[in-house]
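Containing PDB, C-alpha atoms and all ligand atoms: structure39.pdb.
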```pdb
MODEL        1
ATOM      1  CA  MET A 398     283.396  36.999 171.694
ATOM      2  CA  GLU A 399     281.604  33.712 172.249
ATOM      3  CA  ASN A 400     279.319  35.304 174.812
ATOM      4  CA  ALA A 401     278.787  38.307 172.636
ATOM      5  CA  MET A 402     277.802  36.003 169.810
ATOM      6  CA  ILE A 403     275.526  33.783 171.786
ATOM      7  CA  THR A 404     273.875  36.067 174.315
ATOM      8  CA  GLU A 405     273.823  39.463 172.689
ATOM      9  CA  LYS A 406     271.943  38.379 169.624
ATOM     10  CA  ASN A 407     270.408  41.296 167.875
ATOM     11  CA  GLU A 408     266.702  40.503 167.478
ATOM     12  CA  GLN A 409     266.629  42.161 164.095
ATOM     13  CA  PHE A 410     268.895  39.380 162.776
ATOM     14  CA  GLU A 411     267.100  36.430 164.373
ATOM     15  CA  GLU A 412     265.716  35.182 161.105
ATOM     16  CA  LYS A 413     268.742  36.355 159.110
ATOM     17  CA  ILE A 414     271.640  34.559 160.649
ATOM     18  CA  ILE A 415     274.281  35.883 158.233
ATOM     19  CA  VAL A 416     274.008  39.155 156.380
ATOM     20  CA  THR A 417     276.565  40.505 153.917
ATOM     21  CA  LYS A 418     276.631  44.174 153.036
ATOM     22  CA  ASP A 419     278.399  45.434 149.936
ATOM     23  CA  LEU A 420     280.929  42.606 150.268
ATOM     24  CA  LYS A 421     283.879  42.953 147.916
ATOM     25  CA  ILE A 422     286.734  40.452 147.820
ATOM     26  CA  PHE A 423     290.057  41.099 146.102
ATOM     27  CA  TYR A 424     292.984  38.830 145.310
ATOM     28  CA  GLY A 425     295.683  41.495 145.081
ATOM     29  CA  GLN A 426     294.184  44.131 142.769
ATOM     30  CA  HIS A 427     291.781  41.654 141.223
ATOM     31  CA  GLU A 428     288.224  42.139 142.501
ATOM     32  CA  VAL A 429     286.407  38.807 142.230
ATOM     33  CA  VAL A 430     283.331  39.471 144.390
ATOM     34  CA  HIS A 431     281.651  42.745 143.499
ATOM     35  CA  GLY A 432     279.680  44.183 146.385
ATOM     36  CA  ILE A 433     277.357  41.345 147.350
ATOM     37  CA  SER A 434     274.564  42.251 149.760
ATOM     38  CA  MET A 435     272.408  39.376 150.837
ATOM     39  CA  ASP A 436     271.092  37.541 153.837
ATOM     40  CA  PHE A 437     270.917  33.890 154.795
ATOM     41  CA  LYS A 438     267.866  32.651 156.617
ATOM     42  CA  LYS A 439     268.318  30.813 159.891
ATOM     43  CA  ASN A 440     267.718  27.053 159.676
ATOM     44  CA  ALA A 441     267.437  27.072 155.906
ATOM     45  CA  VAL A 442     269.609  25.250 153.376
ATOM     46  CA  THR A 443     270.896  27.692 150.767
ATOM     47  CA  SER A 444     272.727  26.555 147.637
ATOM     48  CA  LEU A 445     275.243  28.754 145.864
ATOM     49  CA  ILE A 446     275.371  27.722 142.226
ATOM     50  CA  GLY A 447     277.017  29.172 139.146
ATOM     51  CA  PRO A 448     279.721  28.615 136.568
ATOM     52  CA  SER A 449     283.361  27.965 137.355
ATOM     53  CA  GLY A 450     285.178  31.097 138.461
ATOM     54  CA  ALA A 451     281.967  32.865 139.527
ATOM     55  CA  GLY A 452     283.375  33.479 143.019
ATOM     56  CA  LYS A 453     281.262  30.923 144.913
ATOM     57  CA  THR A 454     284.124  29.402 146.901
ATOM     58  CA  THR A 455     285.722  32.779 147.553
ATOM     59  CA  PHE A 456     282.420  34.077 148.911
ATOM     60  CA  LEU A 457     281.740  30.934 150.985
ATOM     61  CA  HIS A 458     285.226  30.895 152.507
ATOM     62  CA  SER A 459     284.918  34.517 153.552
ATOM     63  CA  LEU A 460     281.982  33.524 155.782
ATOM     64  CA  ASN A 461     284.322  31.876 158.256
ATOM     65  CA  ARG A 462     287.395  33.944 157.466
ATOM     66  CA  LEU A 463     289.279  31.370 155.444
ATOM     67  CA  ASN A 464     290.439  34.112 153.091
ATOM     68  CA  ASP A 465     292.176  36.095 155.813
ATOM     69  CA  ARG A 466     295.693  35.543 154.475
ATOM     70  CA  LYS A 467     294.802  35.330 150.792
ATOM     71  CA  ALA A 468     292.407  38.128 150.041
ATOM     72  CA  THR A 469     291.315  41.607 151.031
ATOM     73  CA  ILE A 470     287.737  42.189 152.033
ATOM     74  CA  THR A 471     285.660  45.355 152.160
ATOM     75  CA  GLY A 472     282.067  45.685 153.279
ATOM     76  CA  GLN A 473     280.539  43.671 156.093
ATOM     77  CA  ILE A 474     279.736  40.089 157.019
ATOM     78  CA  LEU A 475     277.360  40.134 159.974
ATOM     79  CA  TYR A 476     276.751  37.027 162.069
ATOM     80  CA  HIS A 477     273.927  37.715 164.509
ATOM     81  CA  GLY A 478     274.589  41.342 163.726
ATOM     82  CA  ILE A 479     278.291  41.211 164.654
ATOM     83  CA  ASP A 480     280.875  41.864 161.941
ATOM     84  CA  ILE A 481     283.039  38.729 161.828
ATOM     85  CA  ASN A 482     285.975  40.758 160.490
ATOM     86  CA  ASP A 483     286.074  43.082 163.497
ATOM     87  CA  THR A 484     289.435  43.043 165.257
ATOM     88  CA  GLY A 485     287.927  41.686 168.504
ATOM     89  CA  VAL A 486     286.523  38.547 166.907
ATOM     90  CA  ASP A 487     288.189  35.290 167.949
ATOM     91  CA  VAL A 488     288.452  33.370 164.664
ATOM     92  CA  TYR A 489     288.923  30.063 166.449
ATOM     93  CA  LYS A 490     285.656  30.494 168.348
ATOM     94  CA  LEU A 491     283.913  31.816 165.276
ATOM     95  CA  ARG A 492     284.709  28.527 163.539
ATOM     96  CA  THR A 493     283.045  26.522 166.303
ATOM     97  CA  HIS A 494     279.847  28.415 165.466
ATOM     98  CA  ILE A 495     280.361  28.340 161.720
ATOM     99  CA  GLY A 496     281.754  24.965 160.643
ATOM    100  CA  MET A 497     283.146  24.056 157.245
ATOM    101  CA  LEU A 498     283.365  20.911 155.171
ATOM    102  CA  PHE A 499     285.550  20.791 152.076
ATOM    103  CA  GLN A 500     285.543  18.667 148.944
ATOM    104  CA  GLU A 501     288.524  16.630 150.170
ATOM    105  CA  ALA A 502     288.243  14.866 153.506
ATOM    106  CA  HIS A 503     290.789  16.250 155.966
ATOM    107  CA  ILE A 504     291.226  13.480 158.486
ATOM    108  CA  PHE A 505     293.901  13.207 161.152
ATOM    109  CA  ALA A 506     296.313  10.247 161.305
ATOM    110  CA  MET A 507     294.651   8.883 164.415
ATOM    111  CA  SER A 508     291.804   6.540 165.256
ATOM    112  CA  ILE A 509     288.244   7.123 164.093
ATOM    113  CA  TYR A 510     287.275   7.830 167.710
ATOM    114  CA  ASP A 511     290.142  10.256 168.266
ATOM    115  CA  ASN A 512     289.431  12.176 165.064
ATOM    116  CA  ILE A 513     286.251  13.411 166.734
ATOM    117  CA  ALA A 514     287.418  13.297 170.361
ATOM    118  CA  PHE A 515     290.441  15.464 169.515
ATOM    119  CA  ALA A 516     288.217  18.163 168.020
ATOM    120  CA  LEU A 517     285.893  18.068 171.035
ATOM    121  CA  ARG A 518     288.780  18.264 173.513
ATOM    122  CA  CYS A 519     290.325  21.169 171.577
ATOM    123  CA  HIS A 520     287.045  22.987 172.040
ATOM    124  CA  GLY A 521     286.986  22.444 175.772
ATOM    125  CA  VAL A 522     284.886  19.273 176.199
ATOM    126  CA  LYS A 523     286.553  17.267 178.968
ATOM    127  CA  ASP A 524     283.971  14.767 180.151
ATOM    128  CA  GLU A 525     284.795  11.375 178.581
ATOM    129  CA  PHE A 526     281.203  10.132 178.865
ATOM    130  CA  GLU A 527     279.967  13.208 177.011
ATOM    131  CA  ILE A 528     282.698  12.746 174.396
ATOM    132  CA  ARG A 529     281.732   9.100 173.856
ATOM    133  CA  GLN A 530     278.046   9.934 173.580
ATOM    134  CA  THR A 531     278.667  12.810 171.177
ATOM    135  CA  ILE A 532     280.895  10.643 168.972
ATOM    136  CA  LYS A 533     278.236   7.941 168.772
ATOM    137  CA  TRP A 534     275.490  10.519 168.075
ATOM    138  CA  SER A 535     277.459  12.216 165.307
ATOM    139  CA  LEU A 536     278.466   8.921 163.670
ATOM    140  CA  ILE A 537     274.841   7.743 163.708
ATOM    141  CA  LYS A 538     273.707  11.064 162.222
ATOM    142  CA  THR A 539     276.113  10.721 159.325
ATOM    143  CA  GLY A 540     275.296   7.061 158.700
ATOM    144  CA  LEU A 541     278.794   5.856 159.559
ATOM    145  CA  TRP A 542     278.114   4.221 162.925
ATOM    146  CA  LYS A 543     277.054   0.832 161.596
ATOM    147  CA  ASP A 544     280.220   0.607 159.450
ATOM    148  CA  VAL A 545     282.692   1.613 162.151
ATOM    149  CA  LYS A 546     281.222   0.750 165.530
ATOM    150  CA  ASP A 547     283.357  -2.383 165.801
ATOM    151  CA  ARG A 548     286.562  -0.715 164.665
ATOM    152  CA  ILE A 549     286.281   2.713 166.157
ATOM    153  CA  ASP A 550     289.802   2.485 167.564
ATOM    154  CA  GLN A 551     291.325   1.665 164.185
ATOM    155  CA  SER A 552     293.133   4.269 162.148
ATOM    156  CA  ALA A 553     290.821   6.622 160.247
ATOM    157  CA  LEU A 554     293.308   6.384 157.369
ATOM    158  CA  LEU A 555     291.846   2.940 156.570
ATOM    159  CA  LEU A 556     288.434   4.413 155.737
ATOM    160  CA  SER A 557     287.222   4.714 152.157
ATOM    161  CA  LYS A 558     286.977   8.194 150.614
ATOM    162  CA  SER A 559     283.256   8.322 151.237
ATOM    163  CA  GLN A 560     283.607   7.114 154.805
ATOM    164  CA  ALA A 561     286.412   9.624 155.456
ATOM    165  CA  GLN A 562     284.146  12.451 154.291
ATOM    166  CA  GLN A 563     281.329  11.140 156.488
ATOM    167  CA  LEU A 564     283.791  11.173 159.392
ATOM    168  CA  CYS A 565     284.628  14.817 158.639
ATOM    169  CA  LEU A 566     280.931  15.641 158.652
ATOM    170  CA  ALA A 567     280.527  13.764 161.955
ATOM    171  CA  ARG A 568     283.429  15.745 163.424
ATOM    172  CA  ALA A 569     281.911  19.006 162.249
ATOM    173  CA  LEU A 570     278.486  18.080 163.680
ATOM    174  CA  ALA A 571     279.982  16.950 167.000
ATOM    175  CA  LEU A 572     280.954  20.567 167.657
ATOM    176  CA  LYS A 573     277.269  21.517 167.267
ATOM    177  CA  PRO A 574     277.810  24.405 164.876
ATOM    178  CA  GLU A 575     274.995  26.834 164.235
ATOM    179  CA  VAL A 576     276.000  27.227 160.600
ATOM    180  CA  LEU A 577     277.609  24.633 158.361
ATOM    181  CA  LEU A 578     279.370  25.687 155.164
ATOM    182  CA  LEU A 579     279.797  22.975 152.534
ATOM    183  CA  ASP A 580     282.210  23.471 149.657
ATOM    184  CA  GLU A 581     281.270  20.776 147.134
ATOM    185  CA  ALA A 582     281.413  18.472 150.116
ATOM    186  CA  THR A 583     279.626  15.521 148.535
ATOM    187  CA  SER A 584     281.190  15.681 145.085
ATOM    188  CA  LEU A 585     283.596  12.805 145.791
ATOM    189  CA  LEU A 586     281.085  10.625 147.632
ATOM    190  CA  ASP A 587     279.425   7.550 146.198
ATOM    191  CA  PRO A 588     275.655   7.808 145.609
ATOM    192  CA  VAL A 589     274.749   5.918 148.780
ATOM    193  CA  ALA A 590     276.931   8.130 150.973
ATOM    194  CA  THR A 591     275.661  11.239 149.159
ATOM    195  CA  ASN A 592     272.120  10.180 149.912
ATOM    196  CA  THR A 593     272.977   9.603 153.581
ATOM    197  CA  VAL A 594     274.615  13.013 153.897
ATOM    198  CA  GLU A 595     271.686  14.709 152.171
ATOM    199  CA  ASN A 596     269.279  12.996 154.551
ATOM    200  CA  THR A 597     271.436  14.088 157.475
ATOM    201  CA  LEU A 598     271.344  17.690 156.292
ATOM    202  CA  ARG A 599     267.588  17.555 155.830
ATOM    203  CA  GLY A 600     267.171  16.084 159.314
ATOM    204  CA  LEU A 601     269.312  18.776 160.897
ATOM    205  CA  LYS A 602     267.491  21.642 159.249
ATOM    206  CA  LYS A 603     265.645  22.657 162.389
ATOM    207  CA  LYS A 604     268.941  23.131 164.218
ATOM    208  CA  ILE A 605     271.540  24.080 161.638
ATOM    209  CA  THR A 606     271.769  26.635 158.883
ATOM    210  CA  VAL A 607     273.484  25.178 155.817
ATOM    211  CA  ILE A 608     275.118  27.192 153.049
ATOM    212  CA  MET A 609     276.540  25.032 150.303
ATOM    213  CA  VAL A 610     278.434  25.497 147.084
ATOM    214  CA  THR A 611     277.499  22.791 144.639
ATOM    215  CA  HIS A 612     277.822  21.972 140.956
ATOM    216  CA  ASN A 613     275.285  19.230 141.490
ATOM    217  CA  LEU A 614     272.099  21.011 140.451
ATOM    218  CA  SER A 615     269.915  18.004 141.214
ATOM    219  CA  GLN A 616     271.267  18.067 144.733
ATOM    220  CA  ALA A 617     270.580  21.800 145.037
ATOM    221  CA  ALA A 618     267.029  21.185 143.824
ATOM    222  CA  ARG A 619     266.573  18.236 146.200
ATOM    223  CA  ILE A 620     267.725  19.698 149.466
ATOM    224  CA  SER A 621     267.937  23.470 149.399
ATOM    225  CA  ASP A 622     265.203  25.876 150.423
ATOM    226  CA  ASP A 623     266.840  28.830 148.704
ATOM    227  CA  THR A 624     269.171  29.060 145.744
ATOM    228  CA  VAL A 625     271.556  31.839 144.768
ATOM    229  CA  PHE A 626     272.917  31.978 141.229
ATOM    230  CA  LEU A 627     276.277  33.735 141.092
ATOM    231  CA  ASP A 628     278.170  34.719 137.969
ATOM    232  CA  LYS A 629     281.280  36.876 137.561
ATOM    233  CA  GLY A 630     281.241  37.855 141.222
ATOM    234  CA  ILE A 631     277.691  39.139 141.378
ATOM    235  CA  ILE A 632     274.325  37.670 142.334
ATOM    236  CA  VAL A 633     272.368  37.233 139.152
ATOM    237  CA  GLU A 634     269.337  35.725 140.847
ATOM    238  CA  LYS A 635     268.226  34.413 144.209
ATOM    239  CA  GLY A 636     265.004  33.055 145.617
ATOM    240  CA  ARG A 637     263.150  29.970 146.727
ATOM    241  CA  THR A 638     264.768  26.967 145.052
ATOM    242  CA  LYS A 639     261.581  25.802 143.383
ATOM    243  CA  ASP A 640     261.029  29.278 141.905
ATOM    244  CA  VAL A 641     264.599  29.673 140.665
ATOM    245  CA  PHE A 642     264.581  26.209 139.105
ATOM    246  CA  THR A 643     261.078  26.363 137.684
ATOM    247  CA  TYR A 644     260.749  29.980 136.613
ATOM    248  CA  PRO A 645     264.202  31.577 136.467
ATOM    249  CA  GLN A 646     263.879  35.321 136.087
ATOM    250  CA  SER A 647     267.117  35.955 134.220
ATOM    251  CA  SER A 648     268.211  34.467 130.914
ATOM    252  CA  GLU A 649     271.684  33.737 132.388
ATOM    253  CA  THR A 650     270.137  31.548 135.108
ATOM    254  CA  ASP A 651     267.849  29.908 132.587
ATOM    255  CA  ASN A 652     270.767  29.102 130.254
ATOM    256  CA  TYR A 653     272.940  27.802 133.070
ATOM    257  CA  LEU A 654     270.208  25.576 134.484
ATOM    258  CA  SER A 655     269.005  24.186 131.194
ATOM    259  CA  HIS A 656     272.543  23.509 129.989
ATOM    260  CA  ASN A 657     273.702  21.881 133.216
ATOM    261  CA  LEU A 658     270.565  20.019 134.213
ATOM    262  CA  ARG A 659     270.507  18.273 130.863
ATOM    263  CA  ARG A 660     274.047  16.927 131.284
TER     264      ARG A 660
HETATM  265  N1  LIG B   1     294.025  32.241 145.887
HETATM  266  C1  LIG B   1     293.674  32.902 144.787
HETATM  267  N2  LIG B   1     294.488  33.863 144.265
HETATM  268  C2  LIG B   1     294.145  34.547 143.157
HETATM  269  N3  LIG B   1     293.000  34.361 142.472
HETATM  270  C3  LIG B   1     292.147  33.430 142.938
HETATM  271  C4  LIG B   1     292.446  32.645 144.107
HETATM  272  N4  LIG B   1     291.408  31.802 144.311
HETATM  273  C5  LIG B   1     290.513  32.023 143.330
HETATM  274  N5  LIG B   1     290.957  33.007 142.508
HETATM  275  C6  LIG B   1     290.222  33.552 141.339
HETATM  276  O1  LIG B   1     289.011  34.125 141.834
HETATM  277  C7  LIG B   1     287.940  33.871 140.918
HETATM  278  C8  LIG B   1     286.818  33.167 141.646
HETATM  279  O2  LIG B   1     287.273  31.867 142.007
HETATM  280  P1  LIG B   1     286.401  30.872 142.916
HETATM  281  O3  LIG B   1     287.210  29.656 143.157
HETATM  282  O4  LIG B   1     285.869  31.605 144.076
HETATM  283  O5  LIG B   1     285.206  30.559 141.896
HETATM  284  P2  LIG B   1     284.133  29.377 141.956
HETATM  285  O6  LIG B   1     282.861  29.949 141.478
HETATM  286  O7  LIG B   1     284.137  28.743 143.310
HETATM  287  O8  LIG B   1     284.720  28.369 140.883
HETATM  288  P3  LIG B   1     284.637  26.749 140.855
HETATM  289  O9  LIG B   1     283.193  26.415 140.661
HETATM  290  O10 LIG B   1     285.466  26.382 139.675
HETATM  291  O11 LIG B   1     285.205  26.229 142.140
HETATM  292  C9  LIG B   1     288.537  33.084 139.760
HETATM  293  O12 LIG B   1     288.869  33.989 138.736
HETATM  294  C10 LIG B   1     289.793  32.485 140.361
HETATM  295  O13 LIG B   1     290.771  32.283 139.378
ENDMDL
END
```

Target format structure tokens, applied to this file:
Amino acid sequence: MENAMITEKNEQFEEKIIVTKDLKIFYGQHEVVHGISMDFKKNAVTSLIGPSGAGKTTFLHSLNRLNDRKATITGQILYHGIDINDTGVDVYKLRTHIGMLFQEAHIFAMSIYDNIAFALRCHGVKDEFEIRQTIKWSLIKTGLWKDVKDRIDQSALLLSKSQAQQLCLARALALKPEVLLLDEATSLLDPVATNTVENTLRGLKKKITVIMVTHNLSQAARISDDTVFLDKGIIVEKGRTKDVFTYPQSSETDNYLSHNLRR
């Protein structure tokens, strides 16, 4: 599958790295995503915004098959033109291409170094020099290096909440994903760490496609190229972020933005 994904890229999807076609997602009989068809541009940052219960997280999680055991999916999710729900797809490998960062930091009870080294080794990286270099690179990218370089062998459990989330981002980046999914990933960070992560995401734009769910509309406005407004399981509006924020086409988007930006 890895080879199929990397080498047999369908040219038609080069600029559209992920495409959903009539995607419906059901929890039991309850349909919460109602036939979404949309595409995500390669190397762009796209924000998914909308009220609570709109289906943002459900939609985002389906993009790297986190709903497999919870929900039923119909329609298609194409990654480089390959349906990620096809029976032949190796989910484990898929997740090395499409990484995910959650609201809560999920760190392992091991050292800061091993939190990243473990992930790299699990994905087949054996060379210790390469592992060391990658760990340093990813910690610098996420702004954590200066805080931890002298205690990299200490337990990661001693890190602050913000630092733990930065470590999770470093671990995700170390695997060099092509797509990074963020589920309110900076909502528990302090402003300084949020700023660092936003700068990291901006800096990585040329290499990584970012799709993020956020309730932080200022953040969406600051760092995303495109914005999608979801409500009740459908796309109400999508477009360039500056257009959606400045001249929303639908009254629902307008109401949501003006109500939430003022708060
Ligand atoms: N595991 C689940 N089982 C059943 N229903 C669920 C499950 N997860 C979410 N739902 C329902 O699916 C709908 C969409 O939820 P989802 O969490 O995707 O929305 P959201 O837009 O991300 O909301 P929020 O902004 O509050 O996180 C809601 O009605 C929710 O109650």

> At what distance in Å, to one decimal, does CA of Arg568 in chain A lie from CA of Leu556 in chain A?
Replying inline: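 Between CA of Leu556 in chain A and CA of Arg568 in chain A the gap is 14.6 Å.
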
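Compared by their closest atoms to Asp587 in chain A, and using only C-alpha atoms, the residues A:Lys603, A:Arg492, A:Lys543, A:Lys558 rank with A:Lys558 nearest.
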
>> Selection in question (the file shown): the PyMOL selection byres (((chain A and resi 539) around 8) and not hetatm). Which residues does it include, as a list in words?
In response: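 Taken over the shown coordinates, the PyMOL selection byres (((chain A and resi 539) around 8) and not hetatm) returns Ser535, Leu536, Ile537, Lys538, Gly540, Leu541, Trp542, Gln563, Leu564, Leu566, Ala567, Thr593, Val594 and Thr597 of chain A.
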
Can you write just those residues out, C-alpha atoms, as a compact mmCIF listing (two decimals), in the frame of the given file?
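Writing the result to part-v9.txt gives the following:
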```txt
# COMPACT_ATOMS: atom_id res chain seq x y z
CA SER A 535 277.46 12.22 165.31
CA LEU A 536 278.47 8.92 163.67
CA ILE A 537 274.84 7.74 163.71
CA LYS A 538 273.71 11.06 162.22
CA GLY A 540 275.30 7.06 158.70
CA LEU A 541 278.79 5.86 159.56
CA TRP A 542 278.11 4.22 162.93
CA GLN A 563 281.33 11.14 156.49
CA LEU A 564 283.79 11.17 159.39
CA LEU A 566 280.93 15.64 158.65
CA ALA A 567 280.53 13.76 161.96
CA THR A 593 272.98 9.60 153.58
CA VAL A 594 274.62 13.01 153.90
CA THR A 597 271.44 14.09 157.48
```

>> Any residue with an atom at most 10 Å from ligand LIG 1 (chain B) counts, using all atoms listed in the file. Which are they? Put them as a ChimeraX atom specification.
In response: /A:422-430,445-459,464,466-468,580-581,610-612,627-630

> Smallest atom-to-atom distance to Thr591 in chain A: which of A:Asn482, A:Asn512, A:Ser621, A:Ser559, using all atoms listed in the file?
Replying inline: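 Nearest to Thr591 in chain A: A:Ser559.
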
> In Å, how far is it from CA of Gln473 in chain A to CA of Ile632 in chain A?
Replying inline: 16.2 Å

>> Please return as a list in words every residue within 6 Å of (295.0, 9.1, 158.7), taking into account all atoms listed in the file and the file's own coordinates.
In response: Ile504, Phe505, Ala506, Met507, Ala553 and Leu554 of chain A

Take the residues from that selection and write them out as a PDB file, in the coordinates of the input, keeping C-alpha atoms.
```pdb
ATOM      1  CA  ILE A 504     291.226  13.480 158.486  1.00  0.00           C
ATOM      2  CA  PHE A 505     293.901  13.207 161.152  1.00  0.00           C
ATOM      3  CA  ALA A 506     296.313  10.247 161.305  1.00  0.00           C
ATOM      4  CA  MET A 507     294.651   8.883 164.415  1.00  0.00           C
ATOM      5  CA  ALA A 553     290.821   6.622 160.247  1.00  0.00           C
ATOM      6  CA  LEU A 554     293.308   6.384 157.369  1.00  0.00           C
TER       7      LEU A 554
END
```

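If you measure from each of A:Ala516, A:Leu658, A:Ile528, A:Ile509 to Ser552 in chain A using all atoms listed in the file, the closest one turns out to be A:Ile509.
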
Leaving out Gln530 in chain A and any residue of its chain fewer than 4 positions from it, which residues lie within 12 Å of it when counting only C-alpha atoms, given as a PDB file with C-alpha atoms, keeping the file's coordinate frame?
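Below is the file that was written, result_3.pdb:
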```
ATOM      1  CA  TYR A 510     287.275   7.830 167.710  1.00  0.00           C
ATOM      2  CA  ILE A 513     286.251  13.411 166.734  1.00  0.00           C
ATOM      3  CA  ALA A 514     287.418  13.297 170.361  1.00  0.00           C
ATOM      4  CA  LEU A 517     285.893  18.068 171.035  1.00  0.00           C
ATOM      5  CA  VAL A 522     284.886  19.273 176.199  1.00  0.00           C
ATOM      6  CA  ASP A 524     283.971  14.767 180.151  1.00  0.00           C
ATOM      7  CA  GLU A 525     284.795  11.375 178.581  1.00  0.00           C
ATOM      8  CA  PHE A 526     281.203  10.132 178.865  1.00  0.00           C
ATOM      9  CA  TRP A 534     275.490  10.519 168.075  1.00  0.00           C
ATOM     10  CA  SER A 535     277.459  12.216 165.307  1.00  0.00           C
ATOM     11  CA  LEU A 536     278.466   8.921 163.670  1.00  0.00           C
ATOM     12  CA  ILE A 537     274.841   7.743 163.708  1.00  0.00           C
ATOM     13  CA  ALA A 571     279.982  16.950 167.000  1.00  0.00           C
TER      14      ALA A 571
END
```

> Restricting the calculation to only C-alpha atoms, which member of A:Leu578, A:Leu498, A:Val633, A:Val607 is positioned closest to Glu649 in chain A?
Replying inline: A:Val633

> Any idea what the distance is between CA of Glu501 in chain A and CA of Leu585 in chain A?
Replying inline: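 Pair CA of Glu501 in chain A / CA of Leu585 in chain A returns 7.6 Å.
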
> Could you list as a list in words every residue that has an atom within 9 Å of (282.0, 25.3, 161.6), using the file's coordinates and counting all atoms listed in the file?
Replying inline: Asn461, Leu491, Arg492, Thr493, His494, Ile495, Gly496, Met497, Leu498, Ala569, Leu570, Leu572, Lys573, Pro574, Glu575, Val576, Leu577 and Leu578 of chain A

How big is the axis-aligned box around the listed atoms of range 533-542 of chain A once 5 Å is added on each side, and where is its centre? Give both in Å to one decimal, as JSON.
```
{"center_x": 276.3, "center_y": 8.2, "center_z": 163.7, "size_x": 15.1, "size_y": 18.0, "size_z": 20.1}
```

> Residues at most 6 Å from Thr624 in chain A, counting all atoms listed in the file, excluding those fewer than 3 positions away in the same chain, as an MDAnalysis selection string?
Replying inline: chainID A and resid 443:444 635:636 638

Closest atom pairs, range 457-566 of chain A residues within 10 Å of range 432-435 of chain A, all atoms listed in the file, as a Markdown table:
```
| residue | atom | partner | partner_atom | distance |
| --- | --- | --- | --- | --- |
| A:Thr471 | CA | A:Gly432 | CA | 8.4 |
| A:Gly472 | CA | A:Gly432 | CA | 7.4 |
| A:Gln473 | CA | A:Ser434 | CA | 8.8 |
| A:Ile474 | CA | A:Ser434 | CA | 9.2 |
```

Save the residues we just selected, C-alpha atoms, as a PDB file, in the frame of the given file?
```
ATOM      1  CA  THR A 471     285.660  45.355 152.160  1.00  0.00           C
ATOM      2  CA  GLY A 472     282.067  45.685 153.279  1.00  0.00           C
ATOM      3  CA  GLN A 473     280.539  43.671 156.093  1.00  0.00           C
ATOM      4  CA  ILE A 474     279.736  40.089 157.019  1.00  0.00           C
TER       5      ILE A 474
END
```

>> I want to know what sits within 7 Å of Leu475 in chain A, based on all atoms listed in the file, with residues of the same chain fewer than 5 positions away left out; could you give that as a PyMOL selection string?
In response: chain A and resi 415-417+480-481

Contacts of Lys413 in chain A at 7 Å or less, counting all atoms listed in the file, minus same-chain residues fewer than 3 places along, as a PDB file with C-alpha atoms, in the frame of the given file?
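Done, and the output landed in around_28.pdb:
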```pdb
ATOM      1  CA  PHE A 410     268.895  39.380 162.776  1.00  0.00           C
ATOM      2  CA  VAL A 416     274.008  39.155 156.380  1.00  0.00           C
ATOM      3  CA  ASP A 436     271.092  37.541 153.837  1.00  0.00           C
ATOM      4  CA  PHE A 437     270.917  33.890 154.795  1.00  0.00           C
ATOM      5  CA  LYS A 438     267.866  32.651 156.617  1.00  0.00           C
ATOM      6  CA  LYS A 439     268.318  30.813 159.891  1.00  0.00           C
TER       7      LYS A 439
END
```

> Quick one: of A:Arg518, A:Leu598, A:Ala441, A:Gln500, who's nearest to Ser584 in chain A, counting all atoms listed in the file?
Replying inline: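 For Ser584 in chain A, the nearest of the candidates is A:Gln500.
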
> Which one is closest to Ile549 in chain A: A:Thr469, A:Ser508, A:Gln562, A:Thr643? Count all atoms listed in the file.
Replying inline: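 Under the stated criterion, the closest residue is A:Ser508.
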